[in-house]
file input-v1.cif (mmCIF, C-alpha atoms)
data_entry
#
loop_
_atom_site.label_atom_id
_atom_site.label_comp_id
_atom_site.auth_asym_id
_atom_site.auth_seq_id
_atom_site.Cartn_x
_atom_site.Cartn_y
_atom_site.Cartn_z
CA MET U 114 31.16 8.92 -7.23
CA SER U 115 34.53 10.56 -6.61
CA GLY U 116 33.14 12.64 -3.75
CA VAL U 117 34.48 12.89 -0.26
CA ALA U 118 31.22 12.59 1.67
CA LEU U 119 30.40 8.91 1.11
CA SER U 120 29.15 7.50 4.40
CA PRO U 121 29.91 3.85 5.27
CA LEU U 122 26.27 3.23 4.61
CA GLU U 123 26.46 4.51 1.05
CA LEU U 124 29.61 2.48 0.46
CA ALA U 125 27.84 -0.61 1.78
CA ALA U 126 25.03 0.00 -0.66
CA ALA U 127 27.35 0.76 -3.54
CA PRO U 128 28.30 -2.68 -4.90
CA ARG U 129 24.76 -3.68 -5.72
CA SER U 130 23.20 -0.38 -6.72
CA GLU U 131 26.12 1.32 -8.48
CA ALA U 132 28.38 -1.32 -9.97
CA ALA U 133 25.71 -3.32 -11.81
CA PRO U 134 25.69 -2.37 -15.51
CA SER U 135 22.78 -1.41 -17.75
CA ARG U 136 20.90 0.76 -15.31
CA TRP U 137 18.68 3.32 -16.96
CA ASN U 138 18.32 6.98 -16.20
CA PRO U 139 15.33 7.52 -13.85
CA TYR U 140 13.79 10.14 -16.15
CA LEU U 141 13.96 7.66 -19.04
CA VAL U 142 12.32 4.97 -16.89
CA GLY U 143 9.61 7.42 -15.76
CA ALA U 144 8.96 8.42 -19.37
CA GLY U 145 8.79 4.72 -20.28
CA ILE U 146 6.11 4.12 -17.64
CA GLY U 147 4.30 7.21 -18.96
CA VAL U 148 4.34 5.85 -22.52
CA LEU U 149 3.23 2.44 -21.21
CA SER U 150 0.27 4.29 -19.65
CA TRP U 151 -0.66 5.77 -23.05
CA LEU U 152 -0.62 2.26 -24.54
CA VAL U 153 -2.76 0.65 -21.84
CA PHE U 154 -5.28 3.51 -21.80
CA VAL U 155 -5.79 3.18 -25.58
CA ILE U 156 -5.31 -0.54 -26.25
CA VAL U 157 -6.86 -2.28 -23.23
CA ALA U 158 -8.62 0.63 -21.46
CA THR U 159 -7.18 -0.59 -18.15
CA PRO U 160 -4.73 1.64 -16.24
CA ILE U 161 -1.63 0.11 -14.61
CA GLY U 162 -2.41 -1.29 -11.15
CA ILE U 163 -1.27 -4.03 -8.81
CA THR U 164 -3.32 -4.44 -5.66
CA THR U 165 -6.86 -5.00 -6.95
CA ALA U 166 -5.54 -8.14 -8.60
CA GLY U 167 -3.38 -8.77 -5.54
CA SER U 168 -6.43 -8.97 -3.32
CA GLN U 169 -8.06 -11.36 -5.80
CA VAL U 170 -5.03 -13.62 -5.48
CA ALA U 171 -5.28 -13.34 -1.69
CA GLY U 172 -8.91 -14.44 -2.00
CA GLY U 173 -7.70 -17.48 -3.92
CA VAL U 174 -5.18 -18.27 -1.18
CA ALA U 175 -7.81 -17.70 1.51
CA ALA U 176 -10.16 -20.13 -0.26
CA LEU U 177 -7.54 -22.87 0.14
CA VAL U 178 -7.22 -22.20 3.87
CA LEU U 179 -10.73 -21.16 4.91
CA GLY U 180 -12.80 -22.93 2.29
CA ALA U 181 -14.54 -21.50 -0.77
CA GLU U 182 -17.82 -20.81 1.05
CA ALA U 183 -16.20 -18.49 3.58
CA VAL U 184 -14.57 -16.51 0.78
CA GLN U 185 -17.71 -16.31 -1.35
CA ALA U 186 -19.66 -15.09 1.67
CA ASN U 187 -17.25 -12.20 2.19
CA ALA U 188 -18.58 -8.86 0.94
CA TYR U 189 -15.18 -7.74 -0.39
CA TRP U 190 -14.24 -10.90 -2.27
CA ALA U 191 -17.76 -11.07 -3.68
CA ARG U 192 -16.80 -7.88 -5.54
CA HIS U 193 -13.29 -9.08 -6.44
CA PRO U 194 -13.43 -12.85 -7.03
CA PHE U 195 -10.23 -14.73 -7.84
CA ARG U 196 -9.76 -15.56 -11.50
CA LEU U 197 -7.07 -15.39 -14.16
CA ASP U 198 -8.15 -12.07 -15.60
CA TYR U 199 -6.31 -9.08 -17.02
CA GLY U 200 -5.15 -7.83 -13.62
CA THR U 201 -3.78 -11.10 -12.29
CA LEU U 202 -1.98 -11.83 -15.59
CA PHE U 203 -0.47 -8.34 -15.43
CA LEU U 204 1.00 -9.32 -12.03
CA VAL U 205 2.57 -12.44 -13.54
CA GLY U 206 4.11 -10.26 -16.25
CA THR U 207 5.45 -7.73 -13.75
CA ALA U 208 7.26 -10.42 -11.76
CA LEU U 209 8.65 -12.00 -14.96
CA GLY U 210 9.76 -8.61 -16.32
CA GLY U 211 11.72 -7.88 -13.16
CA MET U 212 13.26 -11.34 -13.16
CA VAL U 213 14.29 -11.38 -16.83
CA SER U 214 15.70 -7.85 -16.65
CA ALA U 215 17.83 -8.83 -13.64
CA LEU U 216 18.96 -12.08 -15.30
CA ALA U 217 19.79 -10.27 -18.54
CA ARG U 218 22.23 -7.95 -16.83
CA GLY U 219 23.59 -10.56 -14.42
CA ALA U 220 22.01 -8.97 -11.36
CA PHE U 221 19.87 -11.87 -10.18
CA ARG U 222 21.17 -12.86 -6.76
CA VAL U 223 19.85 -14.02 -3.43
CA GLU U 224 19.53 -11.25 -0.86
CA HIS U 225 18.18 -11.99 2.62
CA VAL U 226 19.03 -8.68 4.28
CA PRO U 227 19.63 -5.49 2.26
CA ALA U 228 22.66 -3.30 3.07
CA VAL U 229 20.92 -0.22 4.44
CA TRP U 230 18.76 -2.37 6.73
CA ALA U 231 21.78 -4.37 7.95
CA GLU U 232 23.69 -1.17 8.65
CA ARG U 233 20.96 0.07 10.99
CA PHE U 234 19.26 -3.06 12.36
CA GLY U 235 21.95 -5.71 12.09
CA PRO U 236 22.40 -8.82 9.92
CA SER U 237 19.62 -10.93 11.51
CA ILE U 238 17.60 -12.60 8.75
CA GLY U 239 14.71 -13.44 11.08
CA LYS U 240 14.37 -9.82 12.17
CA ARG U 241 14.37 -8.52 8.59
CA PHE U 242 11.87 -11.19 7.51
CA ALA U 243 9.51 -10.42 10.41
CA TRP U 244 9.45 -6.70 9.62
CA ALA U 245 9.19 -7.30 5.86
CA PHE U 246 6.12 -9.46 6.51
CA LEU U 247 4.54 -6.80 8.70
CA GLY U 248 5.37 -4.01 6.25
CA GLY U 249 4.00 -6.03 3.35
CA ALA U 250 0.77 -6.67 5.25
CA LEU U 251 0.46 -2.95 6.04
CA ILE U 252 0.93 -1.72 2.46
CA MET U 253 -1.60 -4.20 1.13
CA PHE U 254 -4.21 -3.35 3.77
CA ALA U 255 -3.57 0.35 3.15
CA SER U 256 -3.77 -0.04 -0.63
CA ARG U 257 -7.16 -1.67 -0.43
CA LEU U 258 -8.36 1.02 1.98
CA ALA U 259 -7.18 3.69 -0.46
CA ASN U 260 -8.44 1.68 -3.47
CA GLY U 261 -4.98 1.66 -5.06
CA CYS U 262 -1.24 1.64 -4.40
CA THR U 263 1.74 3.59 -5.73
CA SER U 264 0.91 2.35 -9.22
CA GLY U 265 -2.89 2.33 -9.32
CA ASN U 266 -3.40 5.46 -7.24
CA GLY U 267 -0.10 7.37 -7.32
CA ILE U 268 0.69 7.00 -11.02
CA SER U 269 -2.52 5.94 -12.81
CA GLN U 270 -4.87 8.25 -10.88
CA GLY U 271 -2.20 10.91 -10.37
CA LEU U 272 -1.59 11.24 -14.11
CA GLN U 273 -5.31 11.88 -14.63
CA LEU U 274 -5.01 14.60 -11.96
CA ALA U 275 -7.59 12.69 -9.93
CA VAL U 276 -8.01 14.01 -6.39
CA VAL U 277 -7.76 10.48 -4.97
CA GLY U 278 -4.32 9.98 -6.54
CA TRP U 279 -2.80 13.19 -5.21
CA VAL U 280 -4.29 12.82 -1.70
CA PHE U 281 -2.81 9.31 -1.55
CA PHE U 282 0.54 10.40 -3.00
CA ALA U 283 0.90 13.25 -0.48
CA ALA U 284 -0.20 11.19 2.54
CA MET U 285 2.10 8.33 1.54
CA PHE U 286 5.19 10.52 1.18
CA VAL U 287 4.58 12.45 4.41
CA SER U 288 4.14 9.33 6.55
CA GLY U 289 6.90 7.49 4.68
CA LEU U 290 9.36 10.32 5.39
CA ALA U 291 8.28 10.50 9.05
CA THR U 292 8.54 6.73 9.55
CA ALA U 293 11.94 6.52 7.87
CA TRP U 294 13.15 9.38 10.06
CA LEU U 295 11.96 7.60 13.20
CA MET U 296 13.54 4.33 12.07
CA PHE U 297 16.92 5.70 11.01
CA ARG U 298 17.50 8.69 13.28
CA THR U 299 20.64 8.51 15.37
CA ARG U 300 20.05 9.35 18.99
CA MET D 119 -10.22 -1.39 -33.22
CA PHE D 120 -9.30 -0.11 -29.74
CA PRO D 121 -9.83 -0.96 -26.99
CA VAL D 122 -9.29 -4.60 -27.94
CA SER D 123 -11.64 -7.40 -26.88
CA LYS D 124 -11.33 -8.99 -23.43
CA ASP D 125 -9.80 -12.12 -24.96
CA VAL D 126 -7.06 -10.19 -26.73
CA ALA D 127 -6.46 -8.11 -23.60
CA LEU D 128 -5.75 -11.30 -21.67
CA TRP D 129 -2.85 -12.03 -24.02
CA LEU D 130 -1.54 -8.48 -23.78
CA ALA D 131 -1.72 -8.32 -19.96
CA PRO D 132 1.49 -10.31 -19.34
CA LEU D 133 3.29 -8.30 -22.01
CA PHE D 134 2.36 -4.94 -20.50
CA GLY D 135 3.15 -6.32 -17.05
CA PHE D 136 6.50 -7.54 -18.34
CA ALA D 137 7.36 -4.07 -19.67
CA PHE D 138 6.39 -2.56 -16.31
CA GLY D 139 8.52 -5.03 -14.32
CA TRP D 140 11.44 -4.56 -16.72
CA LEU D 141 11.29 -0.77 -16.37
CA LEU D 142 11.16 -1.00 -12.56
CA GLU D 143 14.22 -3.28 -12.52
CA ARG D 144 16.23 -1.09 -14.91
CA GLY D 145 15.21 1.96 -12.88
CA ARG D 146 16.85 0.52 -9.71
CA VAL D 147 13.59 0.59 -7.73
CA LEU D 148 13.65 -3.15 -7.04
CA ASP D 149 16.51 -2.27 -4.68
CA TYR D 150 15.42 -1.83 -1.05
CA ASN D 151 18.31 0.59 -0.51
CA VAL D 152 17.15 2.95 -3.26
CA ILE D 153 13.54 3.17 -2.02
CA VAL D 154 14.45 3.58 1.65
CA ASN D 155 17.11 6.15 0.80
CA GLN D 156 14.41 8.11 -1.04
CA LEU D 157 12.41 8.24 2.19
CA ARG D 158 15.62 9.33 3.97
CA LEU D 159 16.11 12.03 1.29
CA ARG D 160 19.49 10.57 0.24
CA ASP D 161 18.40 9.31 -3.17
CA PHE D 162 15.72 10.80 -5.41
CA THR D 163 15.32 8.02 -7.95
CA VAL D 164 11.77 7.13 -6.82
CA LEU D 165 10.53 10.71 -6.98
CA LYS D 166 12.14 11.27 -10.40
CA ILE D 167 10.56 8.12 -11.84
CA MET D 168 7.09 8.70 -10.37
CA LEU D 169 6.84 12.38 -11.23
CA THR D 170 8.15 11.83 -14.77
CA ALA D 171 5.68 8.96 -15.27
CA ILE D 172 2.83 11.17 -14.04
CA LEU D 173 3.89 14.09 -16.25
CA VAL D 174 4.61 12.16 -19.46
CA GLY D 175 1.70 9.77 -18.92
CA GLY D 176 -0.68 12.56 -17.96
CA VAL D 177 0.03 14.93 -20.84
CA GLY D 178 -0.16 12.06 -23.33
CA VAL D 179 -3.36 10.58 -21.92
CA TYR D 180 -4.94 14.04 -21.82
CA ALA D 181 -4.11 14.50 -25.52
CA LEU D 182 -5.38 10.99 -26.37
CA VAL D 183 -8.66 11.64 -24.54
CA GLU D 184 -9.08 14.99 -26.27
CA MET D 185 -8.52 13.33 -29.65
CA GLY D 186 -11.02 10.58 -28.81
CA PHE D 187 -8.53 7.68 -28.69
CA ALA D 188 -8.93 7.00 -24.96
CA ARG D 189 -11.28 7.71 -22.08
CA TRP D 190 -10.65 8.68 -18.48
CA HIS D 191 -10.57 5.98 -15.80
CA LEU D 192 -11.19 8.02 -12.66
CA ARG D 193 -11.79 6.55 -9.24
CA ASP D 194 -13.79 8.00 -6.36
CA ALA D 195 -12.09 10.61 -4.23
CA ASN D 196 -12.83 8.84 -0.97
CA LEU D 197 -10.88 11.15 1.32
CA GLY D 198 -11.00 8.94 4.43
CA GLY D 199 -9.84 5.90 2.48
CA ALA D 200 -7.16 7.67 0.43
CA GLY D 201 -5.92 9.82 3.33
CA LEU D 202 -5.79 7.15 6.05
CA GLY D 203 -4.75 4.54 3.48
CA GLY D 204 -1.91 6.78 2.27
CA LEU D 205 -0.68 7.40 5.82
CA LEU D 206 -0.70 3.67 6.66
CA PHE D 207 0.92 2.90 3.31
CA GLY D 208 3.84 5.23 4.03
CA VAL D 209 4.53 3.48 7.34
CA GLY D 210 4.45 0.07 5.65
CA MET D 211 6.61 1.21 2.74
CA ALA D 212 9.32 2.56 5.09
CA ILE D 213 9.35 -0.75 7.01
CA TYR D 214 9.17 -3.10 4.02
CA GLY D 215 11.16 -0.88 1.66
CA TYR D 216 8.85 -1.61 -1.23
CA CYS D 217 5.42 -0.81 -2.61
CA PRO D 218 3.29 -3.73 -3.87
CA GLY D 219 4.50 -3.65 -7.50
CA THR D 220 8.19 -3.25 -6.72
CA GLY D 221 7.98 -5.80 -3.87
CA LEU D 222 6.44 -8.40 -6.16
CA ALA D 223 9.00 -7.84 -8.92
CA ALA D 224 11.88 -7.71 -6.41
CA ALA D 225 10.82 -11.08 -5.02
CA ALA D 226 11.37 -12.47 -8.53
CA THR D 227 14.98 -11.19 -8.61
CA GLY D 228 16.21 -13.35 -5.73
CA ARG D 229 15.46 -10.99 -2.86
CA THR D 230 14.03 -13.39 -0.29
CA HIS D 231 13.02 -10.63 2.14
CA ALA D 232 10.90 -9.10 -0.63
CA LEU D 233 9.24 -12.49 -1.11
CA VAL D 234 8.43 -12.64 2.61
CA GLY D 235 6.82 -9.21 2.19
CA VAL D 236 4.68 -10.61 -0.65
CA LEU D 237 3.40 -13.26 1.78
CA GLY D 238 2.70 -10.39 4.19
CA MET D 239 0.74 -8.66 1.42
CA ILE D 240 -1.48 -11.71 1.03
CA ALA D 241 -2.09 -11.68 4.79
CA GLY D 242 -2.85 -7.94 4.64
CA ALA D 243 -5.36 -8.44 1.82
CA ILE D 244 -7.09 -11.20 3.79
CA ALA D 245 -7.22 -8.96 6.87
CA TYR D 246 -8.72 -6.20 4.74
CA ALA D 247 -11.42 -8.44 3.31
CA PHE D 248 -12.52 -9.29 6.85
CA ALA D 249 -12.35 -5.65 8.00
CA PHE D 250 -14.24 -4.44 4.94
CA ASP D 251 -17.75 -4.49 6.43
CA TRP D 252 -16.60 -2.41 9.39
CA LEU D 253 -14.54 0.00 7.25
CA ARG D 254 -17.44 0.48 4.85
CA GLY D 255 -19.55 1.89 7.69
CA THR D 256 -16.76 4.04 9.17
CA VAL D 257 -13.62 5.28 7.36
CA LEU D 258 -15.02 4.78 3.86
CA ALA D 259 -18.26 6.57 4.81
CA TRP D 260 -16.58 9.78 6.02
CA SER D 261 -16.24 11.74 2.82
CA ASN D 262 -16.59 10.78 -0.82
CA LEU D 263 -16.32 13.55 -3.42
CA GLY D 264 -16.95 11.15 -6.30
CA ARG D 265 -14.81 10.87 -9.44
CA VAL D 266 -13.33 14.35 -9.30
CA THR D 267 -10.09 15.76 -10.66
CA LEU D 268 -8.03 18.73 -9.47
CA ALA D 269 -9.73 20.67 -12.29
CA ASP D 270 -13.16 20.04 -10.73
CA VAL D 271 -11.91 21.11 -7.31
CA THR D 272 -10.00 24.23 -8.37
CA GLY D 273 -12.20 25.34 -11.28
CA LEU D 274 -9.08 25.65 -13.47
CA PRO D 275 -8.98 24.03 -16.92
CA LEU D 276 -7.13 20.70 -17.21
CA TRP D 277 -4.62 22.02 -19.75
CA ALA D 278 -3.57 24.77 -17.34
CA LEU D 279 -3.06 22.24 -14.54
CA TYR D 280 -0.97 19.99 -16.79
CA ALA D 281 1.08 23.04 -17.83
CA ALA D 282 1.55 23.96 -14.15
CA LEU D 283 2.57 20.38 -13.34
CA ALA D 284 5.14 20.47 -16.15
CA VAL D 285 6.63 23.73 -14.87
CA VAL D 286 6.77 22.52 -11.26
CA ALA D 287 8.19 19.08 -12.17
CA VAL D 288 10.86 20.39 -14.55
CA GLY D 289 11.81 23.14 -12.08
CA LEU D 290 12.06 20.61 -9.27
CA PHE D 291 14.17 18.25 -11.41
CA ALA D 292 16.53 21.07 -12.41
CA ALA D 293 16.95 22.14 -8.77
CA LEU D 294 17.49 18.52 -7.67
CA GLU D 295 20.15 17.87 -10.32
CA ARG D 296 22.00 21.08 -9.48
CA TRP D 297 21.90 20.26 -5.77
CA GLN D 298 23.00 16.65 -6.29
CA ALA D 299 25.88 17.75 -8.54
CA ARG D 300 27.03 20.13 -5.81
CA VAL D 301 26.79 17.47 -3.08
CA ARG D 302 28.79 15.01 -5.21
CA ALA D 303 31.51 17.53 -6.15
#

call {"tool": "encode", "arguments": {"input": "input-v1.cif", "output": "structure tokens"}}
result
Amino acid sequence: MSGVALSPLELAAAPRSEAAPSRWNPYLVGAGIGVLSWLVFVIVATPIGITTAGSQVAGGVAALVLGAEAVQANAYWARHPFRLDYGTLFLVGTALGGMVSALARGAFRVEHVPAVWAERFGPSIGKRFAWAFLGGALIMFASRLANGCTSGNGISQGLQLAVVGWVFFAAMFVSGLATAWLMFRTR
Amino acid sequence: MFPVSKDVALWLAPLFGFAFGWLLERGRVLDYNVIVNQLRLRDFTVLKIMLTAILVGGVGVYALVEMGFARWHLRDANLGGAGLGGLLFGVGMAIYGYCPGTGLAAAATGRTHALVGVLGMIAGAIAYAFAFDWLRGTVLAWSNLGRVTLADVTGLPLWALYAALAVVAVGLFAALERWQARVRA
């Protein structure tokens, strides 16, 4: 990073993303996820995915708030009832894997507002939290509509060259690029 | 022997999930800045990881299916759902800075804003469950091609498409690396 063209924004992002040790090359990480896909296709016959199980968990949460009858009566949750099955246990593992990896290289730390966000939208925690909540709600709603997220559709369907995976992947990148441009453009 | 029984799979699920979460963390994609800077075309980590995963995973799975060790797990090409869902997803990902898997894992690394997004995800899933009946009669009823691949749509053999994907991906990576080296210099 001895270049001349580092913007303040990149410098702000640098301490966390560049200085932390034990980062892996993105091609190596991608290949690792590819090999993990071989293993899960053969050993458990269940491709990597997040949001099918995520909506089951949401059904479990909804049952606490709305009552079990209301959830059982719902046509969607009738298809995806909450239980500790392969998918939900995979979610537990994903969270633990991220946590242990961060702890192992001393990168676990509290972050309320990330640097690039703060640079553009200010240091307000409430503002970042409100938009994170809305964005989270949107990606989950969208994932269920598309029957999969970046993992289940983009990678697991994409690697099978399934039409659904590539339509999702393309639509996601186009609207993601457009939204980021609208959010971060300087007038 | 494979696939293993449901009971054994339950024990393996957290292990496979752990490997996935570990890889995401080591790959820097639990960092909001990295994902958003991909969408701003200032960092290409996300694209490199996803495309490599698709290429390596795809070629391997194709070989494993051909040899009889695995089977395909295709989902319906519901064009309304995948198209509109993908467009909405991109908006949400730019705002949140994460996709569901990276958001969940990031929440477990001390990023409180990622955790708030996970709560948002639960709200989004609940909203979807209540919108499902309406969506089933509208968006999801527009166009469903069934469980088709790009080979079915184009009439080309799968091996040729995987070969084309390899050429395009490796060419793109080479161009990206050359360009990034020049920008850094």

call {"tool": "residues_around", "arguments": {"input": "input-v1.cif", "residues": "Val147 in chain D", "least_positions_apart": "6", "cutoff": "7 Å", "atoms": "only C-alpha atoms", "output": "VMD selection string"}}
result
chain D and resid 153 164 220

call {"tool": "atom_distance", "arguments": {"input": "input-v1.cif", "atom1": "CA of Val155 in chain U", "atom2": "CA of Leu283 in chain D"}}
result
22.7 Å

call {"tool": "closest_residue", "arguments": {"input": "input-v1.cif", "among": "U:Asn260, U:Thr207, U:Thr201, U:Thr299", "to": "chain D", "atoms": "all atoms listed in the file"}}
result
U:Thr207

call {"tool": "residues_around", "arguments": {"input": "input-v1.cif", "residues": "Leu152 in chain U", "least_positions_apart": "5", "cutoff": "10 Å", "atoms": "only C-alpha atoms", "output": "number ranges by chain"}}
result
U: 146-147, 157-160; D: 134, 175, 178-179, 188

call {"tool": "residues_around", "arguments": {"input": "input-v1.cif", "residues": "Gly135 in chain D", "least_positions_apart": "2", "cutoff": "8 Å", "atoms": "all atoms listed in the file", "output": "ChimeraX atom specification"}}
result
/U:202-208,210 /D:131-133,137-139

call {"tool": "residues_around", "arguments": {"input": "input-v1.cif", "residues": "Asn138 in chain U", "least_positions_apart": "5", "cutoff": "12 Å", "atoms": "only C-alpha atoms", "output": "PDB file with C-alpha atoms, in the coordinates of the input"}}
result
ATOM      1  CA  GLY U 143       9.610   7.420 -15.760  1.00  0.00           C
ATOM      2  CA  ALA U 144       8.960   8.420 -19.370  1.00  0.00           C
ATOM      3  CA  GLY U 145       8.790   4.720 -20.280  1.00  0.00           C
TER       4      GLY U 145
ATOM      5  CA  LEU D 141      11.290  -0.770 -16.370  1.00  0.00           C
ATOM      6  CA  LEU D 142      11.160  -1.000 -12.560  1.00  0.00           C
ATOM      7  CA  GLU D 143      14.220  -3.280 -12.520  1.00  0.00           C
ATOM      8  CA  ARG D 144      16.230  -1.090 -14.910  1.00  0.00           C
ATOM      9  CA  GLY D 145      15.210   1.960 -12.880  1.00  0.00           C
ATOM     10  CA  ARG D 146      16.850   0.520  -9.710  1.00  0.00           C
ATOM     11  CA  VAL D 147      13.590   0.590  -7.730  1.00  0.00           C
ATOM     12  CA  PHE D 162      15.720  10.800  -5.410  1.00  0.00           C
ATOM     13  CA  THR D 163      15.320   8.020  -7.950  1.00  0.00           C
ATOM     14  CA  VAL D 164      11.770   7.130  -6.820  1.00  0.00           C
ATOM     15  CA  LYS D 166      12.140  11.270 -10.400  1.00  0.00           C
ATOM     16  CA  ILE D 167      10.560   8.120 -11.840  1.00  0.00           C
ATOM     17  CA  THR D 170       8.150  11.830 -14.770  1.00  0.00           C
TER      18      THR D 170
END

call {"tool": "residues_around", "arguments": {"input": "input-v1.cif", "residues": "range 244-251 of chain D", "least_positions_apart": "5", "cutoff": "12 Å", "atoms": "only C-alpha atoms", "output": "ChimeraX atom specification"}}
result
/U:164-165,167-176,178-179,183-194,250-260 /D:199,203,237-239,256-259

call {"tool": "write_last_selection", "arguments": {"input": "input-v1.cif", "atoms": "C-alpha atoms", "output": "short mmCIF file (atom, residue, chain, number, x, y, z; two decimals), in the coordinates of the input"}}
result
data_model
loop_
_atom_site.label_atom_id
_atom_site.label_comp_id
_atom_site.auth_asym_id
_atom_site.auth_seq_id
_atom_site.Cartn_x
_atom_site.Cartn_y
_atom_site.Cartn_z
CA THR U 164 -3.32 -4.44 -5.66
CA THR U 165 -6.86 -5.00 -6.95
CA GLY U 167 -3.38 -8.77 -5.54
CA SER U 168 -6.43 -8.97 -3.32
CA GLN U 169 -8.06 -11.36 -5.80
CA VAL U 170 -5.03 -13.62 -5.48
CA ALA U 171 -5.28 -13.34 -1.69
CA GLY U 172 -8.91 -14.44 -2.00
CA GLY U 173 -7.70 -17.48 -3.92
CA VAL U 174 -5.18 -18.27 -1.18
CA ALA U 175 -7.81 -17.70 1.51
CA ALA U 176 -10.16 -20.13 -0.26
CA VAL U 178 -7.22 -22.20 3.87
CA LEU U 179 -10.73 -21.16 4.91
CA ALA U 183 -16.20 -18.49 3.58
CA VAL U 184 -14.57 -16.51 0.78
CA GLN U 185 -17.71 -16.31 -1.35
CA ALA U 186 -19.66 -15.09 1.67
CA ASN U 187 -17.25 -12.20 2.19
CA ALA U 188 -18.58 -8.86 0.94
CA TYR U 189 -15.18 -7.74 -0.39
CA TRP U 190 -14.24 -10.90 -2.27
CA ALA U 191 -17.76 -11.07 -3.68
CA ARG U 192 -16.80 -7.88 -5.54
CA HIS U 193 -13.29 -9.08 -6.44
CA PRO U 194 -13.43 -12.85 -7.03
CA ALA U 250 0.77 -6.67 5.25
CA LEU U 251 0.46 -2.95 6.04
CA ILE U 252 0.93 -1.72 2.46
CA MET U 253 -1.60 -4.20 1.13
CA PHE U 254 -4.21 -3.35 3.77
CA ALA U 255 -3.57 0.35 3.15
CA SER U 256 -3.77 -0.04 -0.63
CA ARG U 257 -7.16 -1.67 -0.43
CA LEU U 258 -8.36 1.02 1.98
CA ALA U 259 -7.18 3.69 -0.46
CA ASN U 260 -8.44 1.68 -3.47
CA GLY D 199 -9.84 5.90 2.48
CA GLY D 203 -4.75 4.54 3.48
CA LEU D 237 3.40 -13.26 1.78
CA GLY D 238 2.70 -10.39 4.19
CA MET D 239 0.74 -8.66 1.42
CA THR D 256 -16.76 4.04 9.17
CA VAL D 257 -13.62 5.28 7.36
CA LEU D 258 -15.02 4.78 3.86
CA ALA D 259 -18.26 6.57 4.81
#

call {"tool": "resolve_selection", "arguments": {"input": "input-v1.cif", "expression": "the PyMOL selection byres ((chain U and resi 280) around 9)", "output": "PyMOL selection string"}}
result
(chain U and resi 267+275-279+281-285) or (chain D and resi 195+197+200-201+204)

call {"tool": "closest_residue", "arguments": {"input": "input-v1.cif", "among": "U:Glu182, U:Gly289, U:Glu232, U:Ile161", "to": "chain D", "atoms": "only C-alpha atoms"}}
result
U:Gly289

call {"tool": "atom_distance", "arguments": {"input": "input-v1.cif", "atom1": "CA of Thr230 in chain D", "atom2": "CA of Phe286 in chain U"}}
result
25.5 Å

call {"tool": "closest_residue", "arguments": {"input": "input-v1.cif", "among": "D:Val301, D:Gly242, D:Val177, D:Arg193", "to": "chain U", "atoms": "all atoms listed in the file"}}
result
D:Gly242

call {"tool": "resolve_selection", "arguments": {"input": "input-v1.cif", "expression": "the PyMOL selection byres ((chain D and resi 213) around 8)", "output": "PDB file with C-alpha atoms, in the coordinates of the input"}}
result
ATOM      1  CA  TRP U 244       9.450  -6.700   9.620  1.00  0.00           C
ATOM      2  CA  ALA U 245       9.190  -7.300   5.860  1.00  0.00           C
ATOM      3  CA  LEU U 247       4.540  -6.800   8.700  1.00  0.00           C
ATOM      4  CA  GLY U 248       5.370  -4.010   6.250  1.00  0.00           C
ATOM      5  CA  THR U 292       8.540   6.730   9.550  1.00  0.00           C
ATOM      6  CA  ALA U 293      11.940   6.520   7.870  1.00  0.00           C
TER       7      ALA U 293
ATOM      8  CA  VAL D 209       4.530   3.480   7.340  1.00  0.00           C
ATOM      9  CA  GLY D 210       4.450   0.070   5.650  1.00  0.00           C
ATOM     10  CA  MET D 211       6.610   1.210   2.740  1.00  0.00           C
ATOM     11  CA  ALA D 212       9.320   2.560   5.090  1.00  0.00           C
ATOM     12  CA  TYR D 214       9.170  -3.100   4.020  1.00  0.00           C
ATOM     13  CA  GLY D 215      11.160  -0.880   1.660  1.00  0.00           C
TER      14      GLY D 215
END

call {"tool": "resolve_selection", "arguments": {"input": "input-v1.cif", "expression": "the PyMOL selection byres ((chain D and resi 275-277) around 12)", "output": "VMD selection string"}}
result
(chain U and resid 272 to 275) or (chain D and resid 176 to 181 183 to 184 266 to 274 278 to 284)

call {"tool": "atom_distance", "arguments": {"input": "input-v1.cif", "atom1": "CA of Ile240 in chain D", "atom2": "CA of Ile268 in chain U"}}
result
22.4 Å

call {"tool": "closest_residue", "arguments": {"input": "input-v1.cif", "among": "D:Leu192, D:Ala292, D:Ala287, D:Leu159", "to": "Gly264 in chain D", "atoms": "only C-alpha atoms"}}
result
D:Leu192
